file work_19.cif (mmCIF, C-alpha atoms and all ligand atoms)
data_start
#
loop_
_atom_site.label_atom_id
_atom_site.label_comp_id
_atom_site.auth_asym_id
_atom_site.auth_seq_id
_atom_site.Cartn_x
_atom_site.Cartn_y
_atom_site.Cartn_z
CA MET A 1 76.36 157.41 294.94
CA LYS A 2 77.11 154.23 296.86
CA ARG A 3 79.81 154.50 299.55
CA ILE A 4 82.07 151.50 300.03
CA TYR A 5 84.28 151.01 303.06
CA LEU A 6 87.36 148.89 302.44
CA PRO A 7 88.57 146.17 302.57
CA LEU A 8 86.23 144.58 300.06
CA THR A 9 84.46 141.44 301.16
CA GLY A 10 82.97 138.74 298.97
CA GLU A 11 79.56 140.02 300.01
CA ILE A 12 80.30 143.59 298.86
CA ILE A 13 81.82 142.43 295.56
CA LYS A 14 78.83 140.23 294.77
CA ASN A 15 76.60 143.27 294.89
CA LEU A 16 78.70 145.48 292.62
CA HIS A 17 77.45 145.89 289.08
CA THR A 18 79.20 147.14 285.98
CA GLY A 19 78.52 150.81 285.36
CA GLU A 20 77.81 151.62 289.00
CA GLU A 21 79.51 154.70 290.42
CA LEU A 22 81.07 154.30 293.86
CA LEU A 23 83.04 156.22 296.45
CA LEU A 24 85.76 154.15 298.10
CA SER A 25 87.16 154.82 301.57
CA GLY A 26 90.01 152.86 303.10
CA THR A 27 93.35 151.49 301.93
CA LEU A 28 94.69 151.09 298.38
CA TYR A 29 98.15 150.01 297.25
CA THR A 30 99.72 151.57 294.18
CA ALA A 31 101.62 149.35 291.75
CA ARG A 32 102.34 149.74 288.06
CA ASP A 33 104.55 148.10 285.44
CA GLN A 34 107.84 147.49 287.26
CA ALA A 35 106.26 146.70 290.64
CA HIS A 36 104.00 144.16 288.90
CA LYS A 37 106.96 142.56 287.24
CA ARG A 38 108.72 142.22 290.58
CA LEU A 39 105.69 140.97 292.49
CA VAL A 40 104.97 138.33 289.88
CA GLU A 41 108.61 137.21 289.80
CA ALA A 42 108.54 136.90 293.59
CA ILE A 43 105.30 134.89 293.48
CA LYS A 44 106.75 132.55 290.84
CA LYS A 45 109.91 132.01 292.88
CA ARG A 46 107.84 131.61 296.06
CA LYS A 47 109.68 134.47 297.71
CA ARG A 48 108.29 136.60 300.52
CA LEU A 49 106.24 139.53 299.21
CA PRO A 50 106.70 143.04 300.58
CA LEU A 51 102.97 143.21 301.36
CA ASP A 52 100.12 140.82 302.04
CA LEU A 53 98.06 140.84 298.86
CA LYS A 54 95.05 139.09 300.34
CA ASP A 55 91.82 141.07 299.84
CA GLN A 56 93.74 144.16 298.75
CA ILE A 57 93.07 146.69 296.01
CA ILE A 58 95.85 147.52 293.58
CA TYR A 59 95.73 150.99 292.10
CA TYR A 60 97.61 151.39 288.81
CA CYS A 61 99.14 154.72 289.62
CA GLY A 62 102.52 156.43 289.67
CA PRO A 63 102.00 159.71 291.51
CA THR A 64 104.11 162.83 291.08
CA ALA A 65 106.28 163.95 293.99
CA THR A 66 104.30 165.19 296.99
CA PRO A 67 104.12 168.98 297.16
CA LYS A 68 104.86 170.55 300.57
CA GLY A 69 101.86 170.49 302.85
CA LYS A 70 99.93 167.93 300.79
CA ALA A 71 99.23 164.24 301.37
CA ILE A 72 100.12 163.30 297.80
CA GLY A 73 100.82 164.81 294.40
CA SER A 74 98.81 164.35 291.24
CA CYS A 75 97.64 160.72 291.26
CA GLY A 76 95.34 159.56 288.48
CA PRO A 77 95.15 156.06 287.00
CA THR A 78 97.50 154.71 284.35
CA THR A 79 96.55 152.48 281.39
CA ALA A 80 95.44 149.14 282.84
CA SER A 81 96.08 146.99 279.76
CA ARG A 82 99.84 147.15 280.37
CA MET A 83 99.23 145.18 283.56
CA ASP A 84 97.08 142.53 281.81
CA ARG A 85 99.94 140.04 281.58
CA PHE A 86 100.42 140.14 285.36
CA ALA A 87 96.88 140.65 286.67
CA PRO A 88 95.63 137.02 286.63
CA ILE A 89 98.61 135.93 288.77
CA LEU A 90 97.96 138.68 291.31
CA LEU A 91 94.24 137.90 291.44
CA LYS A 92 95.11 134.27 292.09
CA ALA A 93 97.41 135.45 294.89
CA GLY A 94 94.51 137.17 296.66
CA VAL A 95 94.11 140.66 295.18
CA LYS A 96 90.41 141.51 295.14
CA ALA A 97 90.28 144.56 292.93
CA MET A 98 92.24 146.69 290.51
CA ILE A 99 91.79 150.35 289.70
CA GLY A 100 92.98 151.76 286.39
CA LYS A 101 91.89 153.26 283.12
CA GLY A 102 90.88 151.64 279.86
CA ARG A 103 90.15 148.16 278.59
CA ARG A 104 91.28 144.75 279.87
CA SER A 105 92.13 141.57 278.00
CA ALA A 106 89.87 138.51 277.77
CA GLU A 107 92.26 136.64 280.12
CA VAL A 108 91.85 139.30 282.79
CA VAL A 109 88.05 139.19 282.47
CA LYS A 110 88.23 135.42 282.86
CA ALA A 111 90.41 135.70 285.97
CA ILE A 112 88.09 138.33 287.46
CA LYS A 113 85.17 135.90 287.09
CA LYS A 114 87.12 132.94 288.36
CA TYR A 115 88.42 134.60 291.52
CA LYS A 116 85.32 136.79 292.03
CA CYS A 117 87.13 140.10 291.80
CA VAL A 118 86.34 143.48 290.30
CA TYR A 119 87.99 146.05 288.05
CA PHE A 120 87.30 149.70 288.73
CA LEU A 121 87.82 152.65 286.44
CA ALA A 122 89.07 155.83 288.05
CA PRO A 123 88.38 159.11 286.26
CA ALA A 124 91.19 159.30 283.73
CA GLY A 125 93.52 162.26 283.53
CA LEU A 126 92.16 163.82 286.71
CA GLY A 127 95.21 163.45 288.92
CA ALA A 128 94.84 166.83 290.60
CA LEU A 129 91.21 166.19 291.54
CA LEU A 130 91.95 162.66 292.78
CA SER A 131 94.78 163.96 294.96
CA THR A 132 92.15 165.69 297.10
CA LYS A 133 90.66 162.27 297.93
CA VAL A 134 93.89 160.87 299.36
CA ARG A 135 94.60 161.36 303.07
CA SER A 136 98.04 159.75 303.33
CA LYS A 137 100.76 158.07 301.31
CA GLU A 138 103.30 155.67 302.77
CA LEU A 139 106.16 153.92 300.99
CA ILE A 140 105.84 150.14 301.21
CA ALA A 141 108.36 148.66 298.75
CA TYR A 142 110.85 149.24 295.95
CA PRO A 143 111.86 152.86 296.76
CA GLU A 144 114.36 152.83 293.88
CA LEU A 145 111.42 152.75 291.47
CA GLY A 146 110.43 156.29 292.51
CA PRO A 147 106.90 156.93 291.28
CA GLU A 148 106.62 153.25 290.37
CA ALA A 149 107.27 152.09 293.95
CA ILE A 150 104.47 150.52 295.98
CA TYR A 151 102.72 153.08 298.18
CA LYS A 152 99.95 152.55 300.67
CA LEU A 153 97.25 155.17 300.23
CA LYS A 154 94.46 156.01 302.64
CA VAL A 155 91.60 157.39 300.62
CA LYS A 156 88.29 159.00 301.46
CA ASP A 157 85.42 159.01 298.97
CA PHE A 158 87.69 158.08 296.06
CA PRO A 159 85.43 158.00 292.97
CA VAL A 160 85.38 154.92 290.74
CA ILE A 161 83.09 153.25 288.23
CA VAL A 162 82.71 149.48 288.12
CA GLY A 163 84.40 148.54 284.83
CA ILE A 164 84.19 144.73 285.08
CA ASP A 165 82.10 143.13 287.80
CA SER A 166 82.57 139.70 289.37
CA LYS A 167 80.28 138.18 286.75
CA GLY A 168 82.68 139.37 284.06
CA LYS A 169 80.43 142.01 282.55
CA ASP A 170 82.67 144.52 280.79
CA ILE A 171 81.62 148.16 280.51
CA TYR A 172 83.42 148.45 277.15
CA LYS A 173 81.68 145.46 275.54
CA MET B 1 124.60 189.71 267.06
CA ARG B 2 122.52 189.46 270.22
CA THR B 3 123.84 187.38 273.09
CA ILE B 4 121.55 185.19 275.20
CA LYS B 5 123.03 183.58 278.27
CA ALA B 6 122.54 179.90 279.05
CA GLY B 7 121.14 180.88 282.45
CA THR B 8 118.36 182.91 280.83
CA ILE B 9 117.42 179.91 278.74
CA SER B 10 117.38 177.56 281.74
CA LYS B 11 115.13 179.92 283.63
CA ALA B 12 112.70 180.24 280.73
CA VAL B 13 112.56 176.48 280.18
CA SER B 14 111.98 175.87 283.87
CA GLU B 15 109.07 178.32 283.97
CA LEU B 16 107.54 176.88 280.80
CA CYS B 17 107.67 173.31 282.16
CA ILE B 18 105.87 174.44 285.28
CA ALA B 19 103.28 176.52 283.43
CA ALA B 20 102.53 173.73 280.97
CA ASN B 21 102.05 171.10 283.66
CA LEU B 22 100.02 173.18 286.09
CA VAL B 23 97.86 175.31 283.84
CA LEU B 24 95.73 173.68 281.17
CA ARG B 25 95.96 175.43 277.81
CA LYS B 26 93.31 178.11 277.35
CA ASP B 27 92.24 176.78 273.97
CA ALA B 28 91.75 173.28 275.42
CA LEU B 29 89.82 174.63 278.39
CA LYS B 30 87.55 176.59 276.08
CA ALA B 31 86.89 173.57 273.89
CA LEU B 32 86.13 171.48 276.99
CA GLY B 33 83.65 174.15 278.09
CA SER B 34 81.76 173.96 274.82
CA ALA B 35 81.87 170.15 274.92
CA LEU B 36 80.29 170.32 278.38
CA ARG B 37 77.55 172.63 277.17
CA LYS B 38 76.58 170.51 274.20
CA GLU B 39 76.83 167.11 275.91
CA VAL B 40 73.56 165.21 276.34
CA ASN B 41 74.88 161.98 277.90
CA PRO B 42 74.61 162.62 281.69
CA ARG B 43 77.72 160.64 282.62
CA ALA B 44 79.79 162.35 279.93
CA LYS B 45 78.47 165.70 281.09
CA SER B 46 79.59 165.13 284.65
CA LEU B 47 82.98 163.87 283.41
CA PHE B 48 83.47 167.03 281.37
CA ALA B 49 82.64 169.06 284.47
CA ALA B 50 85.20 166.98 286.42
CA ILE B 51 87.90 167.56 283.77
CA ILE B 52 87.34 171.31 284.07
CA GLU B 53 87.29 171.10 287.88
CA ASN B 54 90.57 169.15 287.73
CA ALA B 55 92.16 171.94 285.68
CA ASN B 56 90.95 174.52 288.20
CA ILE B 57 92.31 172.55 291.16
CA ALA B 58 95.66 172.13 289.39
CA LYS B 59 95.94 175.85 288.74
CA ASP B 60 94.77 177.02 292.16
CA GLU B 61 96.59 174.42 294.23
CA ARG B 62 99.74 174.41 292.08
CA ILE B 63 99.58 170.68 291.50
CA ALA B 64 100.16 168.83 288.20
CA ILE B 65 97.06 168.48 285.99
CA CYS B 66 98.00 164.85 285.47
CA GLN B 67 100.49 162.63 287.31
CA ASP B 68 102.08 161.74 283.98
CA THR B 69 103.99 164.95 283.50
CA GLY B 70 105.20 163.57 280.23
CA PHE B 71 108.39 163.25 278.30
CA PRO B 72 109.50 166.87 278.43
CA THR B 73 109.85 167.94 274.82
CA ILE B 74 111.29 171.34 274.07
CA PHE B 75 110.99 173.10 270.73
CA VAL B 76 113.42 175.94 270.15
CA GLU B 77 113.41 178.45 267.32
CA ILE B 78 116.66 180.39 267.33
CA GLY B 79 117.18 183.52 265.32
CA GLN B 80 120.33 183.38 263.22
CA GLU B 81 121.53 186.58 264.80
CA VAL B 82 121.55 185.10 268.26
CA LYS B 83 124.75 184.03 269.92
CA ILE B 84 124.36 181.69 272.85
CA LYS B 85 126.74 182.07 275.73
CA GLY B 86 127.12 178.59 277.15
CA ASP B 87 125.87 175.15 276.19
CA LEU B 88 122.34 175.31 274.76
CA LYS B 89 121.29 171.69 275.27
CA LYS B 90 122.75 171.59 278.75
CA ALA B 91 120.91 174.81 279.59
CA ILE B 92 117.62 173.35 278.36
CA ASN B 93 118.05 170.13 280.33
CA LYS B 94 119.00 172.08 283.41
CA GLY B 95 115.85 174.16 283.02
CA VAL B 96 113.69 171.05 282.72
CA GLU B 97 115.26 169.53 285.82
CA LEU B 98 114.84 172.76 287.80
CA GLY B 99 111.21 173.22 286.81
CA TYR B 100 110.23 169.61 287.34
CA LYS B 101 111.79 169.51 290.80
CA LYS B 102 110.39 172.85 291.84
CA ALA B 103 106.81 172.01 290.89
CA TYR B 104 106.94 168.42 292.19
CA LEU B 105 106.47 166.98 288.72
CA ARG B 106 107.23 163.35 287.96
CA ASN B 107 110.59 161.89 287.07
CA SER B 108 109.45 159.55 284.31
CA ILE B 109 112.57 159.24 282.18
CA ILE B 110 114.52 156.02 282.26
CA ALA B 111 118.14 156.24 281.05
CA ASP B 112 118.27 152.78 279.51
CA PRO B 113 115.19 151.85 277.49
CA LEU B 114 116.00 148.14 277.58
CA ASP B 115 117.23 147.43 281.07
CA ARG B 116 114.88 150.11 282.48
CA ALA B 117 117.56 151.42 284.82
CA ARG B 118 118.37 154.89 286.15
CA LEU B 119 115.30 157.03 286.61
CA GLY B 120 115.43 160.79 286.21
CA TYR B 121 113.83 163.97 284.86
CA THR B 122 116.08 164.26 281.84
CA PRO B 123 117.40 164.08 279.14
CA CYS B 124 114.50 165.86 277.54
CA ILE B 125 113.89 165.85 273.81
CA VAL B 126 115.03 168.98 272.03
CA HIS B 127 114.04 170.10 268.55
CA ILE B 128 116.02 173.05 267.26
CA ASP B 129 115.12 175.21 264.29
CA LEU B 130 117.14 178.08 262.91
CA VAL B 131 115.02 181.05 261.85
CA LYS B 132 115.53 184.66 260.83
CA GLY B 133 116.09 187.40 263.35
CA LYS B 134 117.48 187.87 266.82
CA ARG B 135 114.90 186.29 269.01
CA MET B 136 114.46 182.88 270.50
CA LYS B 137 111.14 181.11 270.91
CA ILE B 138 110.89 178.21 273.33
CA SER B 139 107.92 175.87 273.65
CA ALA B 140 107.53 173.08 276.18
CA LEU B 141 105.22 170.17 275.36
CA PRO B 142 105.25 167.65 278.19
CA LYS B 143 103.14 164.90 276.68
CA GLY B 144 102.14 161.82 278.65
CA PHE B 145 102.71 158.31 277.39
CA GLY B 146 99.18 156.95 277.71
CA CYS B 147 98.44 158.82 274.51
CA GLU B 148 101.97 158.83 273.06
CA ASN B 149 101.77 155.02 272.98
CA LYS B 150 98.92 155.32 270.48
CA SER B 151 100.97 157.17 267.84
CA ARG B 152 100.84 155.75 264.33
CA LEU B 153 102.60 156.20 261.01
CA LYS B 154 101.50 154.89 257.67
CA MET B 155 103.38 155.25 254.41
CA PHE B 156 100.64 155.53 251.79
CA ALA B 157 101.08 155.06 248.07
CA PRO B 158 101.30 158.41 246.25
CA THR B 159 98.08 157.54 244.44
CA ALA B 160 96.12 157.04 247.68
CA ASP B 161 93.06 159.21 247.90
CA LYS B 162 91.83 161.29 250.81
CA SER B 163 89.24 158.78 251.89
CA GLU B 164 91.95 156.15 252.54
CA ILE B 165 93.89 158.63 254.64
CA LYS B 166 90.80 159.61 256.58
CA LYS B 167 89.94 155.98 257.19
CA PHE B 168 93.42 155.32 258.62
CA ILE B 169 93.17 158.28 260.99
CA VAL B 170 89.66 157.45 262.18
CA GLU B 171 90.62 153.78 262.66
CA THR B 172 93.62 154.84 264.74
CA ILE B 173 91.34 156.82 267.05
CA LYS B 174 88.88 153.95 267.22
CA GLU B 175 91.59 151.52 268.28
CA THR B 176 92.87 153.99 270.85
CA GLY B 177 89.41 154.09 272.42
CA PRO B 178 89.33 154.74 276.16
CA ASP B 179 93.01 154.07 276.87
CA ALA B 180 94.46 157.48 276.10
CA CYS B 181 92.11 159.69 278.14
CA PRO B 182 89.61 161.00 275.61
CA PRO B 183 88.45 163.54 274.51
CA PHE B 184 91.50 163.89 272.33
CA VAL B 185 93.24 166.55 270.38
CA VAL B 186 94.68 164.87 267.31
CA GLY B 187 97.89 166.03 265.67
CA ILE B 188 98.38 164.96 262.06
CA GLY B 189 101.51 165.25 259.94
CA ILE B 190 101.17 164.71 256.21
CA GLY B 191 104.13 164.63 253.82
CA GLY B 192 107.89 164.88 254.24
CA THR B 193 109.61 161.63 255.21
CA ALA B 194 108.60 159.03 257.80
CA ASP B 195 110.46 160.78 260.61
CA TYR B 196 109.47 164.26 259.48
CA ALA B 197 105.76 163.39 259.30
CA MET B 198 105.93 162.17 262.91
CA LEU B 199 107.57 165.42 263.97
CA LEU B 200 104.90 167.42 262.12
CA ALA B 201 102.16 165.47 263.88
CA LYS B 202 103.63 166.39 267.24
CA LYS B 203 104.26 169.99 266.26
CA ALA B 204 100.63 170.22 265.16
CA LEU B 205 99.65 169.79 268.81
CA LEU B 206 101.42 173.03 269.66
CA ARG B 207 99.06 175.03 267.48
CA ASP B 208 96.06 176.81 268.99
CA ILE B 209 93.13 174.51 268.31
CA ALA B 210 90.75 177.35 267.58
CA GLN B 211 93.08 178.84 264.97
CA ALA B 212 94.48 175.76 263.29
CA LYS B 213 91.25 174.71 261.60
CA THR B 214 91.45 173.17 258.12
CA LYS B 215 88.81 171.66 255.84
CA LEU B 216 90.24 168.16 256.20
CA GLY B 217 90.63 168.66 259.94
CA GLU B 218 86.97 169.63 260.34
CA GLU B 219 85.84 166.65 258.26
CA LEU B 220 87.91 164.33 260.41
CA LEU B 221 86.63 165.95 263.58
CA ARG B 222 83.03 165.25 262.55
CA GLU B 223 83.79 161.63 261.70
CA ILE B 224 85.75 161.00 264.90
CA ASN B 225 82.95 162.46 267.00
CA LYS B 226 80.55 159.98 265.43
CA LEU B 227 82.55 157.20 267.14
CA ASN B 228 80.77 157.96 270.44
CA ILE B 229 83.89 157.18 272.50
CA GLY B 230 83.41 160.17 274.81
CA PRO B 231 85.23 160.94 278.06
CA MET B 232 86.72 157.79 279.64
CA GLY B 233 85.45 155.91 276.60
CA LEU B 234 82.00 155.64 278.17
CA GLY B 235 80.16 157.38 275.36
CA GLY B 236 79.40 160.99 274.56
CA GLU B 237 79.00 163.61 271.89
CA THR B 238 82.63 164.71 272.03
CA THR B 239 85.43 162.20 271.44
CA CYS B 240 87.75 164.73 269.90
CA LEU B 241 88.15 168.44 270.61
CA ALA B 242 90.15 169.28 267.50
CA VAL B 243 92.23 167.87 264.65
CA ASN B 244 95.31 169.95 263.88
CA ILE B 245 97.10 169.19 260.62
CA LEU B 246 100.52 170.22 259.37
CA THR B 247 101.71 169.36 255.87
CA TYR B 248 105.04 169.43 254.04
CA PRO B 249 106.09 168.64 250.48
CA THR B 250 106.86 165.00 249.90
CA HIS B 251 108.48 162.59 247.43
CA ILE B 252 106.85 161.46 244.16
CA ALA B 253 106.95 157.87 245.40
CA GLY B 254 105.17 158.26 248.70
CA LEU B 255 102.74 159.89 251.10
CA PRO B 256 103.60 159.59 254.80
CA VAL B 257 100.75 160.19 257.24
CA ALA B 258 101.48 160.41 260.96
CA VAL B 259 99.06 160.56 263.86
CA ASN B 260 99.98 161.86 267.30
CA ILE B 261 97.10 161.82 269.75
CA SER B 262 96.94 164.05 272.80
CA CYS B 263 94.70 163.26 275.73
CA HIS B 264 92.37 165.94 277.10
CA ALA B 265 95.28 167.15 279.22
CA LEU B 266 96.74 169.11 276.31
CA ARG B 267 99.71 170.82 277.88
CA SER B 268 102.18 173.23 276.38
CA ALA B 269 103.56 176.69 277.00
CA SER B 270 105.69 179.06 274.90
CA ALA B 271 107.77 182.16 275.48
CA VAL B 272 109.90 184.46 273.36
CA ILE B 273 113.21 185.71 274.70
S1 LIG C 1 96.95 160.04 278.59
FE1 LIG C 1 97.19 162.17 279.26
S2 LIG C 1 95.62 162.56 280.82
FE2 LIG C 1 95.82 160.35 280.52
S3 LIG C 1 97.21 159.70 282.11
FE3 LIG C 1 98.44 160.04 280.25
S4 LIG C 1 99.09 162.18 280.35
FE4 LIG C 1 97.48 161.92 281.86
#

call {"tool": "encode", "arguments": {"input": "work_19.cif", "output": "structure tokens", "more": "lines below"}}
Ligand code: SF4
result
Amino acid sequence: MKRIYLPLTGEIIKNLHTGEELLLSGTLYTARDQAHKRLVEAIKKRKRLPLDLKDQIIYYCGPTATPKGKAIGSCGPTTASRMDRFAPILLKAGVKAMIGKGRRSAEVVKAIKKYKCVYFLAPAGLGALLSTKVRSKELIAYPELGPEAIYKLKVKDFPVIVGIDSKGKDIYK
Amino acid sequence: MRTIKAGTISKAVSELCIAANLVLRKDALKALGSALRKEVNPRAKSLFAAIIENANIAKDERIAICQDTGFPTIFVEIGQEVKIKGDLKKAINKGVELGYKKAYLRNSIIADPLDRARLGYTPCIVHIDLVKGKRMKISALPKGFGCENKSRLKMFAPTADKSEIKKFIVETIKETGPDACPPFVVGIGIGGTADYAMLLAKKALLRDIAQAKTKLGEELLREINKLNIGPMGLGGETTCLAVNILTYPTHIAGLPVAVNISCHALRSASAVI
């Protein structure tokens, strides 16, 4: 399996192909429904964002609380299609990749092609297993959202499958 | 009369919430094992192995099987000869809160569905049934929303035939596709009223999948598995582990059919006190 060290560069993304299985090491940021809504509102109002989105990977994930002695709780992907309405705006703002589960809309595929990004699938419903691939979790923004806050995760050999590559090829089509 | 104290109920509910979220149901694990053995698609095979590994990690490391620890739903059967000392619903909610906090489960419940404010562990959903006797049976079914979002209800005409019903169910699974973490266990409720059929569909998920087999269920299972959705929706022999059906008498003017899909993380636990 191909190992990828983050952040993603244009060169790395160009060579990723739909269906490929990868192991990611580096930094991911979690964000799901409410964090997306807030980020997009901030972008629209030209407000300062709580993190620099440029070249980052957004992981659609709302982990459980962190058990004592562990880096993170259960932390699998959530359904990506709920973020479809926000994704093109975030990709335009510099996000390079998204990790989630399930299908994406035609608009998201178009934006992925346009901004040369990538959508990864993480193994769905395997939150306990994925927790063993996370080294640290740090709160970045919106603590009142609890599991829906933005967390910075350091991951090692986090398994993903390329779901939509930068050419717009969709694994589900 | 037999008296059961609220504290006893809270304790039982707390333990059931933890057991359900940390230990995958035996019947589901067994079905996943046979799916692994018969799978020919290499990717699906390794995903089945990963699903089983995930369940083992969850159990051994005491960590939730899935981060979506669900909308805690508690089914209670109370014997008519039982007297409860204290407030039953409060006791159940307290138990949920205790269990969820203790096992580091997720607080996924939002108090206001429209303004999305005030996050917590409760209120849970409680279904109470009065039965004969002096015992109390409690079941916890913490179902995630990836699959709950795919629930469907259709009010058929009373003259509808079985093939129309089957088509509706199979189409529902097809539309669900990869989004709800296949392979699924499908709960079906047929009959009653609109609301009652939905409840039956959910209750059907509580039944042991090896023991709840019906002729219609097996037919549906075969058809659904022809869809080749497979784990993560990337293809495979097994899209569905089981179809559990519950029926109830209905009205001469209708035929409600409800579908409640569970992801592969089929979680529930029961106890009798
Ligand atoms: S559908 Fe089930 S396995 Fe998938 S994320 Fe939701 S609760 Fe977890």

call {"tool": "residues_near_ligand", "arguments": {"input": "work_19.cif", "ligand": "ligand LIG 1 (chain C)", "cutoff": "7 Å", "atoms": "only C-alpha atoms and all ligand atoms", "output": "list in words"}}
result
Gly76, Pro77, Thr78, Ala124, Gly125 and Leu126 of chain A; Cys66, Gln67, Asp68, Thr69, Gly70, Lys143, Gly144, Phe145, Gly146, Cys147, Ala180, Cys181, Ser262, Cys263, His264 and Ala265 of chain B

call {"tool": "atom_distance", "arguments": {"input": "work_19.cif", "atom1": "atom CA of Ile252 of chain B", "atom2": "atom CA of Ile169 of chain B"}}
result
21.9 Å

call {"tool": "closest_residue", "arguments": {"input": "work_19.cif", "among": "B:Glu77, B:Asp115, B:Asp27, B:Glu237", "to": "chain A", "atoms": "all atoms listed in the file"}}
result
B:Asp115

call {"tool": "residues_around", "arguments": {"input": "work_19.cif", "residues": "Ile52 of chain B", "least_positions_apart": "5", "cutoff": "8 Å", "atoms": "all atoms listed in the file", "output": "number ranges by chain"}}
result
B: 29, 32-33

call {"tool": "residues_around", "arguments": {"input": "work_19.cif", "residues": "Asp157 of chain A", "least_positions_apart": "5", "cutoff": "10 Å", "atoms": "all atoms listed in the file", "output": "ChimeraX atom specification"}}
result
/A:2-5,22-26,130,132-134

call {"tool": "closest_residue", "arguments": {"input": "work_19.cif", "among": "B:Lys38, B:Lys101, B:Arg118, B:Lys89", "to": "Ala64 of chain B", "atoms": "only C-alpha atoms"}}
result
B:Lys101

call {"tool": "closest_atom_pairs", "arguments": {"input": "work_19.cif", "of": "chain A", "to": "chain B", "cutoff": "8 Å", "atoms": "all atoms listed in the file", "output": "JSON lines"}}
result
{"residue": "A:Gly62", "atom": "CA", "partner": "B:Gln67", "partner_atom": "CA", "distance": 6.9}
{"residue": "A:Pro63", "atom": "CA", "partner": "B:Gln67", "partner_atom": "CA", "distance": 5.3}
{"residue": "A:Thr64", "atom": "CA", "partner": "B:Arg106", "partner_atom": "CA", "distance": 4.4}
{"residue": "A:Ala65", "atom": "CA", "partner": "B:Tyr104", "partner_atom": "CA", "distance": 4.9}
{"residue": "A:Thr66", "atom": "CA", "partner": "B:Tyr104", "partner_atom": "CA", "distance": 6.4}
{"residue": "A:Pro67", "atom": "CA", "partner": "B:Tyr104", "partner_atom": "CA", "distance": 5.7}
{"residue": "A:Gly73", "atom": "CA", "partner": "B:Ile63", "partner_atom": "CA", "distance": 6.7}
{"residue": "A:Ser74", "atom": "CA", "partner": "B:Gln67", "partner_atom": "CA", "distance": 4.6}
{"residue": "A:Cys75", "atom": "CA", "partner": "B:Gln67", "partner_atom": "CA", "distance": 5.2}
{"residue": "A:Gly76", "atom": "CA", "partner": "B:Gln67", "partner_atom": "CA", "distance": 6.1}
{"residue": "A:Thr78", "atom": "CA", "partner": "B:Gly146", "partner_atom": "CA", "distance": 7.2}
{"residue": "A:Thr79", "atom": "CA", "partner": "B:Asp179", "partner_atom": "CA", "distance": 6.0}
{"residue": "A:Lys101", "atom": "CA", "partner": "B:Asp179", "partner_atom": "CA", "distance": 6.4}
{"residue": "A:Gly102", "atom": "CA", "partner": "B:Asp179", "partner_atom": "CA", "distance": 4.4}
{"residue": "A:Arg103", "atom": "CA", "partner": "B:Asp179", "partner_atom": "CA", "distance": 6.8}
{"residue": "A:Pro123", "atom": "CA", "partner": "B:Met232", "partner_atom": "CA", "distance": 7.0}
{"residue": "A:Ala124", "atom": "CA", "partner": "B:Cys181", "partner_atom": "CA", "distance": 5.7}
{"residue": "A:Gly125", "atom": "CA", "partner": "B:Cys66", "partner_atom": "CA", "distance": 5.5}
{"residue": "A:Leu126", "atom": "CA", "partner": "B:Asn54", "partner_atom": "CA", "distance": 5.7}
{"residue": "A:Gly127", "atom": "CA", "partner": "B:Cys66", "partner_atom": "CA", "distance": 4.7}
{"residue": "A:Ala128", "atom": "CA", "partner": "B:Ile65", "partner_atom": "CA", "distance": 5.4}
{"residue": "A:Leu129", "atom": "CA", "partner": "B:Asn54", "partner_atom": "CA", "distance": 4.9}
{"residue": "A:Leu145", "atom": "CA", "partner": "B:Leu119", "partner_atom": "CA", "distance": 7.5}
{"residue": "A:Gly146", "atom": "CA", "partner": "B:Leu119", "partner_atom": "CA", "distance": 7.7}
{"residue": "A:Pro147", "atom": "CA", "partner": "B:Arg106", "partner_atom": "CA", "distance": 7.2}
{"residue": "A:Ile171", "atom": "CA", "partner": "B:Leu234", "partner_atom": "CA", "distance": 7.8}
{"residue": "A:Tyr172", "atom": "CA", "partner": "B:Leu234", "partner_atom": "CA", "distance": 7.4}

call {"tool": "atom_distance", "arguments": {"input": "work_19.cif", "atom1": "atom CA of Pro7 of chain A", "atom2": "atom CA of Arg85 of chain A"}}
result
24.6 Å

call {"tool": "closest_residue", "arguments": {"input": "work_19.cif", "among": "B:Lys11, B:Arg25, B:Lys94, B:Lys137", "to": "Phe75 of chain B", "atoms": "only C-alpha atoms"}}
result
B:Lys137

call {"tool": "closest_residue", "arguments": {"input": "work_19.cif", "among": "B:Pro158, B:Gly236, B:Gly7, B:Leu266", "to": "Glu39 of chain B", "atoms": "only C-alpha atoms"}}
result
B:Gly236

call {"tool": "closest_residue", "arguments": {"input": "work_19.cif", "among": "A:Ser131, A:Ser81, A:Thr9, A:Thr18", "to": "Lys167 of chain A", "atoms": "only C-alpha atoms"}}
result
A:Thr18

call {"tool": "atom_distance", "arguments": {"input": "work_19.cif", "atom1": "atom CA of Val243 of chain B", "atom2": "atom CA of Lys215 of chain B"}}
result
10.2 Å

call {"tool": "decode", "arguments": {"input": "work_19.cif", "residues": "segment 91-103 of chain A", "atoms": "C-alpha atoms", "output": "short mmCIF file (atom, residue, chain, number, x, y, z; two decimals), in the first residue's frame"}}
result
data_model
loop_
_atom_site.label_atom_id
_atom_site.label_comp_id
_atom_site.auth_asym_id
_atom_site.auth_seq_id
_atom_site.Cartn_x
_atom_site.Cartn_y
_atom_site.Cartn_z
CA LEU A 91 -12.22 23.67 -1.81
CA LYS A 92 -12.17 27.13 -3.35
CA ALA A 93 -10.79 28.44 -0.05
CA GLY A 94 -7.80 26.10 -0.29
CA VAL A 95 -8.80 22.74 1.20
CA LYS A 96 -7.03 20.01 -0.77
CA ALA A 97 -8.81 16.88 0.36
CA MET A 98 -11.82 15.56 2.22
CA ILE A 99 -12.21 12.26 4.01
CA GLY A 100 -15.64 10.76 4.58
CA LYS A 101 -17.94 7.92 3.67
CA GLY A 102 -20.36 7.51 0.80
CA ARG A 103 -21.22 9.33 -2.39
#
